[in-house]
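Peer 1: The file below is start-v2.cif, mmCIF, C-alpha atoms:
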data_protein
loop_
_atom_site.label_atom_id
_atom_site.label_comp_id
_atom_site.auth_asym_id
_atom_site.auth_seq_id
_atom_site.Cartn_x
_atom_site.Cartn_y
_atom_site.Cartn_z
CA LEU R 1 0.00 0.00 0.00
CA HIS R 2 2.81 2.35 0.94
CA SER R 3 4.54 1.57 -2.36
CA ASN R 4 1.38 2.27 -4.36
CA LEU R 5 0.83 5.59 -2.61
CA GLN R 6 4.42 6.58 -3.31
CA ASN R 7 4.01 5.74 -7.03
CA CYS R 8 0.82 7.81 -7.20
CA PHE R 9 2.59 10.73 -5.56
CA TYR R 10 5.43 10.69 -8.11
CA THR R 11 2.92 10.39 -10.93
CA LEU R 12 1.07 13.45 -9.70
CA LEU R 13 4.32 15.42 -9.45
CA HIS R 14 5.19 14.47 -13.01
CA LEU R 15 1.78 15.51 -14.26
CA GLU R 16 2.02 18.79 -12.39
CA GLU R 17 5.42 19.45 -14.00
CA LEU R 18 4.07 18.69 -17.48
CA LEU R 19 1.03 20.82 -16.89
CA THR R 20 3.16 23.69 -15.62
CA ASN R 21 5.52 23.49 -18.57
CA THR R 22 2.61 23.41 -21.00
CA ILE R 23 1.02 26.48 -19.44
CA ILE R 24 4.36 28.32 -19.40
CA MET R 25 4.93 27.49 -23.06
CA LYS R 26 1.51 28.76 -23.94
CA ILE R 27 2.17 31.94 -22.00
CA VAL R 28 5.54 32.34 -23.74
CA LYS R 29 3.92 31.85 -27.12
CA VAL R 30 1.24 34.42 -26.32
CA ILE R 31 3.82 36.94 -25.10
CA GLY R 32 5.96 36.26 -28.18
CA SER R 33 3.02 36.83 -30.46
CA LEU R 34 2.19 40.07 -28.70
CA CYS R 35 5.77 41.24 -29.07
CA LEU R 36 5.76 40.45 -32.77
CA ILE R 37 2.46 42.26 -33.26
CA ASN R 38 3.62 45.29 -31.30
CA GLY R 39 6.90 45.34 -33.16
CA ALA R 40 5.21 45.15 -36.55
CA THR R 41 2.70 47.76 -35.54
CA SER R 42 5.32 50.14 -34.28
CA PHE R 43 7.39 49.68 -37.41
CA ALA R 44 4.81 49.52 -40.19
CA PRO R 45 2.76 52.61 -39.43
CA SER R 46 5.92 54.62 -38.89
CA HIS R 47 7.23 53.50 -42.25
CA CYS R 48 3.87 53.97 -43.95
CA THR R 49 3.32 57.32 -42.32
CA THR R 50 6.72 58.50 -43.49
CA SER R 51 6.08 57.21 -46.98
CA THR R 52 2.62 58.76 -47.05
CA HIS R 53 4.02 62.03 -45.75
CA ARG R 54 6.71 62.06 -48.42
CA SER R 55 4.18 61.21 -51.11
CA SER R 56 1.80 63.91 -49.92
CA SER R 57 4.66 66.39 -49.79
CA LEU R 58 5.64 65.51 -53.34
CA HIS R 59 2.08 65.96 -54.60
CA ALA R 60 1.86 69.26 -52.77
CA ASP R 61 5.09 70.45 -54.38
CA VAL R 62 3.86 69.45 -57.83
CA ALA R 63 0.51 71.15 -57.25
CA GLU R 64 2.27 74.26 -56.02
CA ALA R 65 4.55 74.30 -59.04
CA GLU R 66 1.60 73.85 -61.38
CA SER R 67 -0.24 76.60 -59.54
CA ASP R 68 2.74 78.91 -59.94
CA VAL R 69 2.80 78.22 -63.66
CA ALA R 70 -0.96 78.60 -64.06
CA ALA R 71 -1.29 81.69 -61.87
CA ILE R 72 -1.14 84.97 -63.76
CA THR R 73 -0.42 88.26 -62.07
CA THR R 74 -0.37 91.54 -63.94
CA ASP R 75 0.26 95.10 -62.88
CA PRO R 76 -3.16 96.80 -63.01
CA LYS R 77 -1.68 99.68 -64.99
CA GLU R 78 -0.35 97.27 -67.62
CA ALA R 79 -3.73 95.52 -67.72
CA VAL R 80 -5.62 98.79 -68.17
CA LYS R 81 -3.33 99.65 -71.09
CA LEU R 82 -4.66 96.55 -72.83
CA PHE R 83 -8.27 97.07 -71.78
CA GLY R 84 -8.23 100.66 -73.03
CA ARG R 85 -7.08 99.38 -76.42
CA LEU R 86 -9.69 96.65 -76.73
CA ALA R 87 -12.75 98.11 -75.02
CA GLU R 88 -15.48 100.06 -76.83
CA LYS R 89 -18.11 102.64 -75.98
CA TYR R 90 -20.90 100.72 -77.68
CA ILE R 91 -22.21 97.18 -77.44
CA MET R 92 -25.18 95.33 -78.93
CA LEU R 93 -26.97 93.13 -76.43
CA ASP R 94 -30.40 91.59 -76.97
CA SER R 95 -31.87 91.60 -80.45
CA THR R 96 -35.30 90.73 -79.01
CA ALA R 97 -35.45 93.95 -76.99
CA GLY R 98 -37.07 95.77 -79.87
CA MET R 99 -37.67 99.52 -79.97
CA CYS R 100 -38.41 100.11 -76.29
CA CYS R 101 -38.81 103.75 -75.23
CA TYR R 102 -37.66 102.97 -71.66
CA SER R 103 -40.45 105.08 -70.16
CA ALA R 104 -41.58 102.50 -67.57
CA CYS R 105 -44.80 101.66 -69.44
CA SER R 106 -46.79 99.21 -67.33
CA ASP R 107 -47.65 96.94 -70.27
CA CYS R 108 -44.21 97.05 -71.94
CA GLU R 109 -43.37 93.74 -73.57
CA TYR R 110 -39.67 94.47 -73.20
CA ARG R 111 -39.66 94.65 -69.39
CA GLU R 112 -38.09 91.90 -67.29
CA PRO R 113 -40.16 90.20 -64.54
CA GLY R 114 -38.06 92.02 -61.95
CA GLY R 115 -38.87 95.40 -63.48
CA GLY R 116 -35.70 95.92 -65.53
CA TYR R 117 -35.45 96.27 -69.28
CA ARG R 118 -34.18 93.97 -71.96
CA MET R 119 -31.63 96.29 -73.49
CA ALA R 120 -31.04 96.03 -77.23
CA ASP R 121 -27.79 97.94 -76.95
CA GLN R 122 -25.90 100.25 -74.65
CA SER R 123 -23.53 103.17 -74.95
CA SER R 124 -21.02 104.68 -72.55
CA ALA R 125 -19.11 107.95 -72.43
CA ARG R 126 -15.86 105.99 -72.07
CA PRO R 127 -14.86 102.55 -73.37
CA LYS R 128 -16.57 100.02 -71.10
CA TRP R 129 -16.94 96.69 -72.89
CA ILE R 130 -14.94 94.34 -75.03
CA PRO R 131 -17.80 92.77 -77.00
CA CYS R 132 -17.74 88.97 -77.13
CA TYR R 133 -18.88 88.97 -80.76
CA ASP R 134 -16.97 89.99 -83.87
CA HIS R 135 -20.00 91.24 -85.76
CA ARG R 136 -23.65 91.54 -84.79
CA GLU R 137 -26.66 92.69 -86.77
CA PHE R 138 -30.27 93.16 -85.72
CA GLY R 139 -33.32 92.78 -87.93
CA SER R 140 -33.94 96.49 -87.58
CA GLY R 141 -30.86 97.08 -89.68
CA LYS R 142 -28.59 98.09 -86.80
CA GLU R 143 -25.19 96.40 -86.87
CA HIS R 144 -21.81 96.58 -85.17
CA THR R 145 -18.36 95.23 -86.05
CA THR R 146 -15.93 95.16 -83.15
CA LYS R 147 -12.54 96.76 -83.49
CA TRP R 148 -10.70 93.76 -82.08
CA SER R 149 -12.05 91.58 -84.88
CA THR R 150 -10.88 93.97 -87.61
CA ASP R 151 -7.70 95.39 -86.08
CA ILE R 152 -6.23 92.14 -84.77
CA PHE R 153 -7.37 89.73 -87.48
CA THR R 154 -6.32 91.94 -90.35
CA GLU R 155 -5.08 89.24 -92.71
CA GLY R 156 -7.29 86.28 -91.94
CA PRO R 157 -9.22 84.37 -89.26
CA ALA R 158 -6.17 83.44 -87.16
CA VAL R 159 -3.06 85.08 -85.68
CA THR R 160 0.13 83.85 -84.04
CA LYS R 161 1.18 85.01 -80.61
CA GLU R 162 3.68 87.45 -82.08
CA GLU R 163 1.08 88.92 -84.43
CA PHE R 164 -1.47 89.20 -81.64
CA VAL R 165 0.93 91.01 -79.29
CA GLU R 166 2.12 93.40 -81.99
CA ARG R 167 -1.38 94.31 -83.17
CA VAL R 168 -2.81 94.76 -79.69
CA ILE R 169 0.06 97.07 -78.77
CA ASN R 170 -0.56 99.11 -81.90
CA LEU R 171 -4.27 99.63 -81.15
CA GLU R 172 -5.28 103.14 -80.18
CA PHE R 173 -5.72 103.64 -76.44
CA ALA R 174 -8.53 105.57 -74.77
CA PRO R 175 -8.94 105.84 -70.98
CA PRO R 176 -11.57 103.17 -70.21
CA LEU R 177 -14.27 102.96 -67.59
CA GLY R 178 -12.66 100.93 -64.83
CA GLY R 179 -9.17 100.34 -63.52
CA PRO R 180 -6.51 102.89 -62.64
CA PHE R 181 -6.77 106.04 -64.71
CA LEU R 182 -4.12 106.49 -67.39
CA ALA R 183 -3.88 109.37 -69.79
CA LYS R 184 -3.34 108.47 -73.41
CA SER R 185 0.14 109.96 -73.26
CA ALA R 186 1.08 107.55 -70.44
CA ALA R 187 -0.37 104.40 -72.01
CA ALA R 188 2.52 103.30 -74.20
CA ILE R 189 3.28 99.58 -73.80
CA GLU R 190 6.96 98.80 -73.30
CA ASP R 191 6.54 95.46 -71.51
CA GLU R 192 4.82 92.93 -73.78
CA SER R 193 4.28 90.30 -71.07
CA ALA R 194 0.69 91.32 -70.30
CA ALA R 195 -0.32 91.10 -73.96
CA ALA R 196 1.44 87.74 -74.23
CA ALA R 197 -0.42 86.52 -71.13
CA LEU R 198 -3.71 87.60 -72.67
CA PHE R 199 -2.93 85.56 -75.77
CA ASP R 200 -2.23 82.49 -73.60
CA ILE R 201 -5.54 82.94 -71.79
CA LEU R 202 -7.47 83.17 -75.05
CA ALA R 203 -5.56 80.62 -77.12
CA GLY R 204 -4.85 78.05 -74.43
CA GLU R 205 -2.26 75.61 -75.75
CA LYS R 206 -2.90 76.50 -79.37
CA GLU R 207 -0.13 78.10 -81.42
CA LYS R 208 -2.66 80.34 -83.17
CA LEU R 209 -5.71 82.20 -81.97
CA THR R 210 -8.74 82.28 -84.24
CA ARG R 211 -11.32 85.04 -84.36
CA PHE R 212 -14.00 82.54 -83.38
CA ARG R 213 -12.03 81.24 -80.37
CA MET R 214 -11.29 84.75 -79.13
CA GLY R 215 -14.99 85.58 -79.05
CA LYS R 216 -15.78 82.26 -77.40
CA GLU R 217 -13.13 82.63 -74.70
CA MET R 218 -14.13 86.21 -73.95
CA LYS R 219 -17.66 84.92 -73.39
CA VAL R 220 -16.18 82.60 -70.76
CA ILE R 221 -14.21 85.43 -69.17
CA SER R 222 -17.35 87.58 -69.01
CA GLY R 223 -19.29 84.84 -67.24
CA GLY R 224 -21.74 84.49 -70.14
CA GLU R 225 -22.41 88.19 -70.59
CA GLU R 226 -22.23 89.90 -73.98
CA GLY R 227 -19.17 91.95 -73.14
CA VAL R 228 -16.04 91.80 -70.98
CA THR R 229 -15.93 94.63 -68.43
CA TRP R 230 -12.90 95.78 -66.46
CA ASN R 231 -13.83 93.55 -63.53
CA HIS R 232 -13.89 90.49 -65.79
CA PHE R 233 -10.70 91.51 -67.59
CA SER R 234 -8.67 92.35 -64.50
CA THR R 235 -9.72 89.09 -62.82
CA ALA R 236 -8.60 87.03 -65.82
CA LEU R 237 -5.21 88.76 -65.89
CA GLY R 238 -4.74 88.69 -62.12
CA ALA R 239 -4.66 92.48 -61.98
CA LYS R 240 -6.69 92.87 -58.81
#
Now that the file is in, can you turn its structure into structure tokens?
Peer 2:
Amino acid sequence: LHSNLQNCFYTLLHLEELLTNTIIMKIVKVIGSLCLINGATSFAPSHCTTSTHRSSSLHADVAEAESDVAAITTDPKEAVKLFGRLAEKYIMLDSTAGMCCYSACSDCEYREPGGGYRMADQSSARPKWIPCYDHREFGSGKEHTTKWSTDIFTEGPAVTKEEFVERVINLEFAPPLGGPFLAKSAAAIEDESAAAALFDILAGEKEKLTRFRMGKEMKVISGGEEGVTWNHFSTALGAK
């Protein structure tokens, strides 16, 4: 009996040792796994964050460079020298406006719902608009040909950048409505960069600017209106 009890005791000790070792191994494995996970976590995000940061920085630099190229800034005085050469005192607007007398008649068919008038045309004491059309004619017989269409496109429907700059510079200047005031005697253009920038705005990536495209792009600059005013023009050239 004593011998059997002794054997059972040793067996229990052996089992306890095995059980203890098994539990310790499991604990070691769990701790090892946690260490690996923590190590990977601490390494990977740091690496990814750095890579992401570098990538974002690169994209930001590229965007900034592109913005610098795309951004146009012009001295307002240089811009007004161009505007005063291109703008006109007269513009034709809505051919459907008819022969309104503008006397606030209550039953006038040419009044807008808000009370304003549909204007057939407008005039100003000083050059105010660069019309977005080259030629316009109403059924009443009234017509208008813009000076930019005849004085820039003198030899055909398209001009190169050099031709555009030269012909714009040679246009007659008149102090326009809007922008810093310049007397005619002070409006000579010595720096051609503003005229060159205007060509780039109108022609885009094209080597030549057509009469049709110039009218179309000016319509964009004007926000869909029939003529480009100083506010439109100065905004396009970054002359604010």
Peer 1: Identify all residues satisfying the PyMOL selection byres ((chain R and resi 185-201) around 8) in the given file; provide them as a PyMOL selection string.
Peer 2: chain R and resi 72+74+78-79+81-82+161+164-165+168-169+173+182-184+202-205+209+236-237
Peer 1: Between atom CA of Phe233 of chain R and atom CA of Phe83 of chain R, what is the spacing in Å?
Peer 2: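 We find that atom CA of Phe83 of chain R and atom CA of Phe233 of chain R lie 7.4 Å from each other.
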Peer 1: Box for segment 218-237 of chain R: with edges along x, y and z, all listed atoms inside and 3 Å added on each side, what are the centre and edge lengths in Å to one decimal, as lines of an AutoDock Vina configuration file?
Peer 2:
center_x = -13.8
center_y = 89.2
center_z = -68.4
size_x = 23.2
size_y = 19.2
size_z = 17.2
Peer 1: Looking at all atoms listed in the file, which of R:Lys219, R:Arg111, R:Arg126, R:Arg118 is the one that sits closest to Phe181 of chain R?
Peer 2: R:Arg126
Peer 1: Kindly resolve the PyMOL selection byres ((chain R and resi 124) around 9) on the present coordinates and return the residues as a list of chain:residue names.
Peer 2: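 When the PyMOL selection byres ((chain R and resi 124) around 9) is applied to the shown file, the picked residues are R:Glu88, R:Lys89, R:Tyr90, R:Gln122, R:Ser123, R:Ala125, R:Arg126, R:Pro127, R:Lys128, R:Trp129, R:Leu177.
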Peer 1: Once the PyMOL selection byres ((chain R and resi 229) around 8) is applied to the coordinates I shared, what remains selected? I want it as a PyMOL selection string.
Peer 2: chain R and resi 128-130+178+222+227-228+230-233
Peer 1: Between atom CA of Lys240 of chain R and atom CA of Met119 of chain R, measure the distance and give it in Å to one decimal.
Peer 2: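 Computed distance, atom CA of Lys240 of chain R to atom CA of Met119 of chain R, equals 29.1 Å.
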Peer 1: Taking only C-alpha atoms into account, name the residue in R:Ala120, R:Ala239, R:Cys132, R:Ile221 that is nearest to Thr146 of chain R.
Peer 2: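 The answer is R:Cys132, which sits nearest to Thr146 of chain R.
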